[in-house]
There are 2 protein chains.
Amino acid sequence: MNGAESLARTLTGAGVEVCFANPGTSEMHFVAALDRVEGLRCVLGLFEGVVTGAADGYARMADKPASTLLHLGPGLANGLANVHNARRANTPMVNVVGDHATYHKEFDAPLNADVEGVARPFSDWVRTSSDVRSVARDGAAAVAAALAPPGRISTLILPADASWEEADGPAPPEPVEARAAAAPDAVAGAARALRSGEPAVLFLGGPAVREPGLTLAGRIAASTGARLVAQTHNARVERGAGRVAVDFLPYPVDDALATLEGTRHLLLVGAKAPVAFFAYPGKPSELSPKGCDVRTLATPAEDVVGALEALADELDARKEAAPQELETPPPGGGPPGFGNAAAAVAAAFPEGAIVVDEALTGAAAFLLGTRGAAPHDYLQITGGAIGMGLPVATGAAVACPDRKVVCLQADGSAMYTVQALWTQAREGLDVTTVILDNRSYAILKWELANLGAGGGRKAHDMMELDRPALDWVAMARAMGVEAGRAETIEEFGRQLDAGLRSQGPYLIDLVL
Amino acid sequence: MNGAESLARTLTGAGVEVCFANPGTSEMHFVAALDRVEGLRCVLGLFEGVVTGAADGYARMADKPASTLLHLGPGLANGLANVHNARRANTPMVNVVGDHATYHKEFDAPLNADVEGVARPFSDWVRTSSDVRSVARDGAAAVAAALAPPGRISTLILPADASWEEADGPAPPEPVEARAAAAPDAVAGAARALRSGEPAVLFLGGPAVREPGLTLAGRIAASTGARLVAQTHNARVERGAGRVAVDFLPYPVDDALATLEGTRHLLLVGAKAPVAFFAYPGKPSELSPKGCDVRTLATPAEDVVGALEALADELDARKEAAPQELETPPPGGGPPGFGNAAAAVAAAFPEGAIVVDEALTGAAAFLLGTRGAAPHDYLQITGGAIGMGLPVATGAAVACPDRKVVCLQADGSAMYTVQALWTQAREGLDVTTVILDNRSYAILKWELANLGAGGGRKAHDMMELDRPALDWVAMARAMGVEAGRAETIEEFGRQLDAGLRSQGPYLIDLVL
């Protein structure tokens, strides 16, 4: 077998089941190997940002390593924005990037680039397999590095000759690093803080916003009076009726400060200390109140669930948190807005739905409105690189073919990786996309005002997407996705029913 | 004035007239400055790959520095593939990339990344303006660095606080490095080679495939019997009826070797020595014949035209090359293919058209078929990073509003930066796009066979775009671009007429 096949077999042996791909000439031997390797599904994306975002969404829902196949430096570059989001989601991801044959590099052919240099800013592990006999071992090391806590980005660069030359065979999986226990005094310190009776917040991320972490956090909160606040953007939150409800730290700095005001003890549980998303003149970067005792119970890479268990034991916290009740009030009438649209969505989706949130200016309303919906997973834009919604929804649907995926997608951001719709059609994925069609970069208008930057007609023109307005129904159909438009909240309800009833992709253009 | 305004004024003072932009929060002060700075037109792209590709196309046709405005590390990453093409085109380009405020970086907010690290692999000059008082000077230095021969990529990173704090004012333009004269013995050596009477090729690139270099090269060829061969992919070639005709080195290795077979002297004139685009098992990387005397008359960064003048003088080469005759034979009948489509295009476009070529598998046929068309400029995919056609056509149309732009666009590649159509509609750009709709990555099928990589059903499925087929007419209309479909060569002719008659963007779905 050649190097490419040895790599493909190594990846499947290490637990990789799906490879999201946009290959080129230098990856042809890997592609050809697909027909000889059982158990590796290859999903084509028409742009690399789709590929990396889908891999991220897949891994968030499958709890298996993501993998991608990309073409040289520029192909990798095209995928980096969603690699950035995946890295901030702590998604274990292995990117296989083809390169020129080793002996061809010196000639600096037109597509030549420093692939390692391109990979490095967004990767935790980078290696070039310059010898066919090391390809399989490098592949096994790449998977192990990706699976190291809390989940990391590995980029393995595969020169064409290392792909096509004769290899020894696949390599066995490498041992995966376990999550380290939290620091010895972390549990005792947290217990002391919570026993003080002073206002306390458990600031949650990673495993703490999924079961069983969430139930443990709920017991600790119910027993001590501490509040549960999740970080603003999370890879995956388990929420809805019957689950432990958490607040989310708001994105606007003033709202975030207000949320944490008066907190004396902020316990970091799988989350980093809260910071402002952007800097604003005269506003702080750090969001915890001055003088607040900020302490780590467990870092994102540590055994978060173990630390919560130990803390619950230490506190003898047996009281369960009151579960979130099922509350899906009917949407108010009037023209569609984020609030009544959120109510309509919450009322419509079934138990076990996966909600992908790239709603941006609408995000807070959708979070609030779906709080009491049927139990669901909520996937957010972890790294702030827009263009994640459609791809992450695509990958989540590949991971969970039996669950409904609802993608709440701002219109401007949707355009970054709109090609994802085609992959949804090709793979018959059960995704209902709601385009929040306000024909503007509304969040930038808000930021412009918030920064006090001024700006007149020319500046505002850079935030208007209405000249011409995008026809989202035509766009979806152009890529094989059925679609409909909703200009009233009643029409939106009917469109949601149509989308969720269908077994394949459906797009709703919600005109705001 | 603040730092952002000082930068905008510095850029316009240094000759930047258009800024292609996809800004975010950290660039809001620059955007706000647009209303206070005369002479800086800002063109919005809905994806960064559109922005950088349009900047490249603009600079190729305007012969002025390109500039872009991008948002943090992921925004820059999204634009890198077309920065790569621009770099290989020797396009002078200044990328202004916003970053977090300097004091905010340490908190590693979600969008934080190593922006310099992201820029470096595709930039010749990278600088972060960490102090508002240096912003203007850094801007002037960035433009000068971009304009240094042969045209380079500058990336200036602008932290938000360096943008919003009070600045001293704009900086004057910095002196621009002139092209160095060719090496002293280069002209004499070239003259000796050409006088030898042995088979010789002038291998042309950069200024040698535009006037006045082309006429000089033609005189040298006509006087010595040397052949003119342009490099495979060029930033801009002036060609068509009345001009000096050149052959292009073919992309397939075997064809390239055959083209240069028997050549005893290969003179590099604004081009690097010819190398294979990719490596293939058992085929050479270097394309010049064994034992061929490969010598440089002028590197791409040197005074190519001056060297040609000196060589023509040295050889007393006064005989003009026979100009290309106007030859636009009517397209053959039958189903549409690259050959008769090329003939139809050549017959249809007017004098002074700008042809943007991302035809890939169709490229050779279009080059051949348009050889005798009305005089035109031909812009190619210099770096091999696909997704350049629609953006480069967009920028070329911004640069030359009085000329027709014809974009010959492979369908698979079109999807990478399809958002460019919206910018064409918004700006009312006179671009007629021909989508070469073969519903496949045809070039990859060719490469797979060429590599002898094998591959069965799964492999081939990664190259098929017909499940579902993209509806290009709907896609164009979704972004406000009028469109029509052609399934016969006669329909294609009528669609070309419709497109070229219109004053705005038009897309033709040519079903192959």
# chains A, B, ... in the order shown; residues from 1 in each chain; ligands from 1
$ residues_around --residues "Gly24 (chain B)" --least-positions-apart "5" --cutoff "12 Å" --atoms "only C-alpha atoms" --output "PyMOL selection string"
(chain A and resi 278+384-386+412-413+441-448+459+462-463) or (chain B and resi 29-32+44+46-48+69-76+97-100+111+160)
$ write_last_selection --atoms "N, CA, C and O atoms" --output "short mmCIF file (atom, residue, chain, number, x, y, z; two decimals), in the first residue's frame"
data_model
loop_
_atom_site.label_atom_id
_atom_site.label_comp_id
_atom_site.auth_asym_id
_atom_site.auth_seq_id
_atom_site.Cartn_x
_atom_site.Cartn_y
_atom_site.Cartn_z
N PHE A 278 -14.48 42.47 22.34
CA PHE A 278 -13.63 43.53 21.76
C PHE A 278 -13.32 44.54 22.85
O PHE A 278 -14.01 44.59 23.88
N GLY A 384 -15.77 33.59 17.09
CA GLY A 384 -16.15 34.87 16.53
C GLY A 384 -15.83 35.04 15.06
O GLY A 384 -16.06 36.11 14.49
N ALA A 385 -15.30 34.01 14.41
CA ALA A 385 -15.02 34.11 12.97
C ALA A 385 -16.31 33.75 12.24
O ALA A 385 -16.76 32.60 12.27
N ILE A 386 -16.92 34.75 11.58
CA ILE A 386 -18.24 34.50 11.03
C ILE A 386 -18.16 33.59 9.81
O ILE A 386 -17.13 33.46 9.16
N GLY A 412 -25.67 38.28 6.64
CA GLY A 412 -24.34 38.66 6.20
C GLY A 412 -23.33 37.54 6.39
O GLY A 412 -22.54 37.22 5.49
N SER A 413 -23.37 36.92 7.55
CA SER A 413 -22.44 35.83 7.85
C SER A 413 -22.70 34.61 6.99
O SER A 413 -21.77 33.85 6.68
N TYR A 441 -25.20 44.34 7.83
CA TYR A 441 -24.33 43.91 8.90
C TYR A 441 -24.78 44.67 10.15
O TYR A 441 -24.11 45.61 10.60
N ALA A 442 -25.93 44.23 10.70
CA ALA A 442 -26.53 44.99 11.79
C ALA A 442 -25.60 45.10 12.98
O ALA A 442 -25.57 46.12 13.68
N ILE A 443 -24.83 44.05 13.21
CA ILE A 443 -23.96 44.08 14.39
C ILE A 443 -22.89 45.16 14.25
O ILE A 443 -22.46 45.76 15.23
N LEU A 444 -22.49 45.43 13.01
CA LEU A 444 -21.48 46.48 12.81
C LEU A 444 -22.06 47.86 13.04
O LEU A 444 -21.38 48.76 13.54
N LYS A 445 -23.33 48.03 12.67
CA LYS A 445 -23.96 49.32 12.96
C LYS A 445 -23.98 49.55 14.47
O LYS A 445 -23.70 50.65 14.96
N TRP A 446 -24.29 48.47 15.18
CA TRP A 446 -24.34 48.55 16.64
C TRP A 446 -22.94 48.86 17.18
O TRP A 446 -22.76 49.69 18.06
N GLU A 447 -21.93 48.17 16.63
CA GLU A 447 -20.56 48.37 17.10
C GLU A 447 -20.07 49.78 16.77
O GLU A 447 -19.36 50.40 17.56
N LEU A 448 -20.42 50.26 15.59
CA LEU A 448 -20.00 51.61 15.19
C LEU A 448 -20.51 52.64 16.20
O LEU A 448 -19.76 53.51 16.66
N ALA A 459 -19.65 55.41 5.37
CA ALA A 459 -19.41 54.39 6.39
C ALA A 459 -20.61 53.46 6.50
O ALA A 459 -20.48 52.24 6.49
N MET A 462 -21.16 50.73 3.98
CA MET A 462 -20.37 49.49 4.10
C MET A 462 -21.07 48.44 4.96
O MET A 462 -20.56 47.34 5.14
N MET A 463 -22.22 48.80 5.52
CA MET A 463 -22.94 47.87 6.40
C MET A 463 -24.32 47.52 5.85
O MET A 463 -25.09 46.84 6.51
N HIS B 29 -13.30 52.48 13.01
CA HIS B 29 -12.79 53.86 12.93
C HIS B 29 -12.24 54.16 11.54
O HIS B 29 -12.34 55.29 11.06
N PHE B 30 -11.67 53.18 10.90
CA PHE B 30 -11.21 53.37 9.52
C PHE B 30 -12.41 53.60 8.62
O PHE B 30 -12.42 54.49 7.76
N VAL B 31 -13.44 52.81 8.81
CA VAL B 31 -14.65 52.94 8.00
C VAL B 31 -15.28 54.32 8.22
O VAL B 31 -15.70 55.00 7.28
N ALA B 32 -15.31 54.73 9.49
CA ALA B 32 -15.89 56.04 9.80
C ALA B 32 -15.07 57.17 9.15
O ALA B 32 -15.63 58.21 8.78
N LEU B 44 -17.24 47.20 -1.18
CA LEU B 44 -17.54 46.13 -0.23
C LEU B 44 -17.62 44.77 -0.91
O LEU B 44 -18.23 44.62 -1.96
N LEU B 46 -18.56 40.63 0.09
CA LEU B 46 -19.26 39.86 1.12
C LEU B 46 -18.44 38.68 1.63
O LEU B 46 -18.94 37.88 2.41
N PHE B 47 -17.22 38.59 1.18
CA PHE B 47 -16.30 37.57 1.67
C PHE B 47 -14.90 38.06 1.33
O PHE B 47 -14.68 38.69 0.30
N GLU B 48 -13.93 37.77 2.20
CA GLU B 48 -12.60 38.35 2.05
C GLU B 48 -11.86 37.87 0.81
O GLU B 48 -11.02 38.58 0.27
N LEU B 69 -9.07 46.16 3.17
CA LEU B 69 -9.33 46.35 4.60
C LEU B 69 -9.97 45.06 5.11
O LEU B 69 -11.04 44.66 4.63
N LEU B 70 -9.30 44.41 6.06
CA LEU B 70 -9.72 43.09 6.53
C LEU B 70 -9.79 43.06 8.05
O LEU B 70 -9.19 43.90 8.72
N HIS B 71 -10.46 42.07 8.57
CA HIS B 71 -10.82 42.02 9.99
C HIS B 71 -10.08 40.89 10.71
O HIS B 71 -10.39 39.72 10.55
N LEU B 72 -9.07 41.25 11.47
CA LEU B 72 -8.37 40.33 12.37
C LEU B 72 -7.82 39.09 11.64
O LEU B 72 -7.83 39.01 10.42
N GLY B 73 -7.30 38.16 12.41
CA GLY B 73 -6.64 36.99 11.83
C GLY B 73 -7.53 36.16 10.93
O GLY B 73 -7.17 35.87 9.79
N PRO B 74 -8.73 35.78 11.39
CA PRO B 74 -9.58 34.96 10.51
C PRO B 74 -10.03 35.70 9.24
O PRO B 74 -10.12 35.09 8.17
N GLY B 75 -10.29 36.99 9.33
CA GLY B 75 -10.66 37.74 8.13
C GLY B 75 -9.52 37.77 7.14
O GLY B 75 -9.72 37.60 5.93
N LEU B 76 -8.32 37.99 7.63
CA LEU B 76 -7.15 37.95 6.76
C LEU B 76 -6.99 36.55 6.16
O LEU B 76 -6.75 36.41 4.95
N VAL B 97 -5.08 45.37 8.12
CA VAL B 97 -5.81 44.37 8.91
C VAL B 97 -5.97 44.91 10.33
O VAL B 97 -4.98 45.16 11.01
N GLY B 98 -7.20 45.07 10.73
CA GLY B 98 -7.44 45.51 12.09
C GLY B 98 -7.09 44.43 13.10
O GLY B 98 -7.09 43.24 12.78
N ASP B 99 -6.76 44.85 14.28
CA ASP B 99 -6.50 43.89 15.36
C ASP B 99 -7.11 44.46 16.65
O ASP B 99 -7.52 45.63 16.70
N HIS B 100 -7.15 43.63 17.66
CA HIS B 100 -7.60 44.10 18.97
C HIS B 100 -6.73 45.26 19.44
O HIS B 100 -5.57 45.38 19.04
N LEU B 111 -11.68 36.13 19.38
CA LEU B 111 -11.21 36.35 18.02
C LEU B 111 -9.70 36.59 17.95
O LEU B 111 -9.16 36.85 16.87
N ALA B 160 -6.82 48.39 17.28
CA ALA B 160 -7.97 49.29 17.38
C ALA B 160 -7.61 50.60 18.07
O ALA B 160 -8.06 51.68 17.67
#
$ residues_around --residues "Ala55 (chain A)" --least-positions-apart "4" --cutoff "12 Å" --atoms "only C-alpha atoms" --output "number ranges by chain"
A: 16-22, 42-45, 48-51, 59-69, 79, 82-83, 85-87, 89, 91-95, 153, 388, 390-399, 420
$ closest_atom_pairs --of "chain B" --to "chain A" --cutoff "6 Å" --atoms "only C-alpha atoms" --output "CSV"
residue,atom,partner,partner_atom,distance
B:Met28,CA,A:Leu448,CA,5.8
B:His29,CA,A:Ala453,CA,5.4
B:Val31,CA,A:Ala459,CA,5.2
B:Ala32,CA,A:Gly455,CA,3.9
B:Asp35,CA,A:Lys458,CA,5.6
B:Phe47,CA,A:Tyr416,CA,5.4
B:Pro74,CA,A:Ala81,CA,4.6
B:Ala77,CA,A:Ala77,CA,5.6
B:Asn78,CA,A:Asn78,CA,5.3
B:Ala81,CA,A:Pro74,CA,4.6
B:Ala109,CA,A:Phe277,CA,5.5
B:Pro110,CA,A:Gly383,CA,4.7
B:Leu111,CA,A:Gly383,CA,5.3
B:Asp114,CA,A:Pro121,CA,5.9
B:Gly117,CA,A:Pro121,CA,5.9
B:Pro121,CA,A:Asp114,CA,5.9
B:Phe277,CA,A:Ala109,CA,5.5
B:Gly383,CA,A:Pro110,CA,4.7
B:Gly384,CA,A:Leu111,CA,5.4
B:Tyr416,CA,A:Phe47,CA,5.4
B:Arg426,CA,A:Arg467,CA,5.6
B:Leu448,CA,A:Met28,CA,5.8
B:Ala453,CA,A:His29,CA,5.4
B:Gly454,CA,A:Ala32,CA,5.9
B:Gly455,CA,A:Ala32,CA,3.9
B:Gly456,CA,A:Asp35,CA,5.7
B:Lys458,CA,A:Asp35,CA,5.6
B:Ala459,CA,A:Ala32,CA,5.2
B:Arg467,CA,A:Arg426,CA,5.6
B:Pro468,CA,A:Gly480,CA,5.8
B:Leu470,CA,A:Met479,CA,5.3
B:Asp471,CA,A:Ala478,CA,4.4
B:Ala474,CA,A:Ala478,CA,5.2
B:Met475,CA,A:Ala478,CA,5.2
B:Ala478,CA,A:Asp471,CA,4.4
B:Met479,CA,A:Leu470,CA,5.3
B:Gly480,CA,A:Pro468,CA,5.8
$ select_by_dssp --residues "region 297-498 of chain B" --states "helix (DSSP H, G or I)" --output "JSON, numbers by chain"
{"B": [304, 305, 306, 307, 308, 309, 310, 311, 312, 313, 314, 315, 338, 339, 340, 341, 342, 343, 344, 345, 346, 347, 348, 360, 361, 362, 363, 364, 365, 366, 367, 368, 369, 389, 390, 391, 392, 393, 394, 395, 396, 397, 398, 399, 411, 412, 413, 414, 415, 416, 417, 420, 421, 422, 423, 424, 425, 426, 427, 442, 443, 444, 445, 446, 447, 448, 449, 450, 451, 457, 458, 459, 460, 461, 472, 473, 474, 475, 476, 477, 478, 489, 490, 491, 492, 493, 494, 495, 496, 497, 498]}
$ residues_around --residues "Ala365 (chain A)" --least-positions-apart "3" --cutoff "6 Å" --atoms "only C-alpha atoms" --output "list in words"
Phe338, Gly339, Gly362, Leu368 and Gly369 of chain A
$ write_last_selection --atoms "N, CA, C and O atoms" --output "PDB file, in the first residue's frame"
ATOM      1  N   PHE A 338     -36.715  39.431  16.253  1.00  0.00           N
ATOM      2  CA  PHE A 338     -35.973  38.337  16.890  1.00  0.00           C
ATOM      3  C   PHE A 338     -36.804  37.674  17.985  1.00  0.00           C
ATOM      4  O   PHE A 338     -36.780  36.463  18.147  1.00  0.00           O
ATOM      5  N   GLY A 339     -37.567  38.489  18.761  1.00  0.00           N
ATOM      6  CA  GLY A 339     -38.298  37.936  19.894  1.00  0.00           C
ATOM      7  C   GLY A 339     -39.380  36.966  19.482  1.00  0.00           C
ATOM      8  O   GLY A 339     -39.408  35.815  19.940  1.00  0.00           O
ATOM      9  N   GLY A 362     -29.173  38.744  16.759  1.00  0.00           N
ATOM     10  CA  GLY A 362     -30.356  38.052  17.268  1.00  0.00           C
ATOM     11  C   GLY A 362     -30.047  37.008  18.321  1.00  0.00           C
ATOM     12  O   GLY A 362     -30.967  36.397  18.885  1.00  0.00           O
ATOM     13  N   LEU A 368     -32.700  33.411  24.853  1.00  0.00           N
ATOM     14  CA  LEU A 368     -33.769  33.615  25.825  1.00  0.00           C
ATOM     15  C   LEU A 368     -35.033  32.866  25.406  1.00  0.00           C
ATOM     16  O   LEU A 368     -35.653  32.158  26.207  1.00  0.00           O
ATOM     17  N   GLY A 369     -35.383  33.001  24.141  1.00  0.00           N
ATOM     18  CA  GLY A 369     -36.650  32.440  23.671  1.00  0.00           C
ATOM     19  C   GLY A 369     -36.683  30.922  23.640  1.00  0.00           C
ATOM     20  O   GLY A 369     -37.759  30.326  23.659  1.00  0.00           O
TER      21      GLY A 369
END
$ atom_distance --atom1 "CA of Glu177 (chain B)" --atom2 "CA of Ile157 (chain B)"
22.6 Å
